[in-house]
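Structure first, commentary second.
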Amino acid sequence: LKGKAKERLDAVDISERDPYWLKGKGDDFFLAGNFQGALNAYSCALEIDERMVACLSNRAACWLKLGKYEPCIADCEQALSYLSKEREEEIAMAEKEGFAERPKELARTRVMRKKLHVRKGTALSKLKHFHESL
């Protein structure tokens, strides 16, 4: 391939290897109600970057919409574990460097945790694990 055809092919290859592009595609599919397409896009992004918490959270929402509650719970738990580890690392670095916490970052993490707990709790209640869902 030469010229513009090669450029187009390279552009497609780059986008398919970019987890943020794939997350954006997943978001578009989700908003359009194509939950399976969104799930596939988020899964591809996670193959590239398994610690991408936003994709784990969004994929959990897809599993929930598709009635697949066990994978929803697994994605929520994985994302929450990454958030806990990241939070510990951030606190350690801030203490080491003498920085105060950044309120916006902390607020984003809290919002993500809330979403994950709600999704996990909803999936658990759908499986009739009511005590665990609280």
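Going through the structure tokens in order, the chains are called A, B, and so on, while each chain numbers its residues from 1 and the ligands are numbered from 1 in the order shown.
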Exercise for the section: Might you pull out every residue within 12 Å of Ser81 (chain A), with only C-alpha atoms counted and same-chain residues fewer than 3 positions away left off, and present them as a list in words? Expected result: Arg51, Met52, Val53, Leu56, Ser57, Ala74, Asp75, Cys76, Glu77, Gln78, Ser84, Lys85, Glu86, Arg87, Glu88, Arg113, Leu116 and His117 of chain A
Problem - 6 Å contact set for region 24-27 of chain A, only C-alpha atoms, chain neighbours under 4 positions out, as a list of chain:residue names - result: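 Answer for this query is A:Ala38, A:Ala41, A:Tyr42.
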Problem - A:Leu22, A:Ile48, A:Leu39, A:Cys72 ranked by distance to Ala60 (chain A), top pick (using only C-alpha atoms) - result: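 Nearest candidate to Ala60 (chain A) out of A:Leu22, A:Ile48, A:Leu39, A:Cys72: A:Cys72.
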Handout entry: Distance criterion (only C-alpha atoms): nearest to Thr109 (chain A) out of A:Ala45, A:Ala54, A:Leu66, A:Leu31
Key =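 That would be A:Ala54, the residue with the smallest distance to Thr109 (chain A).
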Exercise for the section: Would you mind telling me which residue in A:Met93, A:Leu80, A:Val111, A:Ile73 lies nearest to Leu124 (chain A) when using only C-alpha atoms? Expected result: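 Using only C-alpha atoms, the shortest distance to Leu124 (chain A) belongs to A:Ile73.
For the atom pair formed by CA of Ala32 (chain A) and CA of Ser125 (chain A), the distance is 26.3 Å, given to one decimal.
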Handout entry: Computed interatomic separation between CA of Gly33 (chain A) and CA of Gly121 (chain A) (Å)
Key =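 According to the coordinates, CA of Gly33 (chain A) and CA of Gly121 (chain A) are separated by 22.2 Å.
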Handout entry: For Tyr20 (chain A), the nearest of the candidates A:Pro71, A:Lys114, A:Lys96, A:Leu46, counting only C-alpha atoms
Key =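 Checking each of A:Pro71, A:Lys114, A:Lys96, A:Leu46 against Tyr20 (chain A), counting only C-alpha atoms, the winner is A:Leu46.
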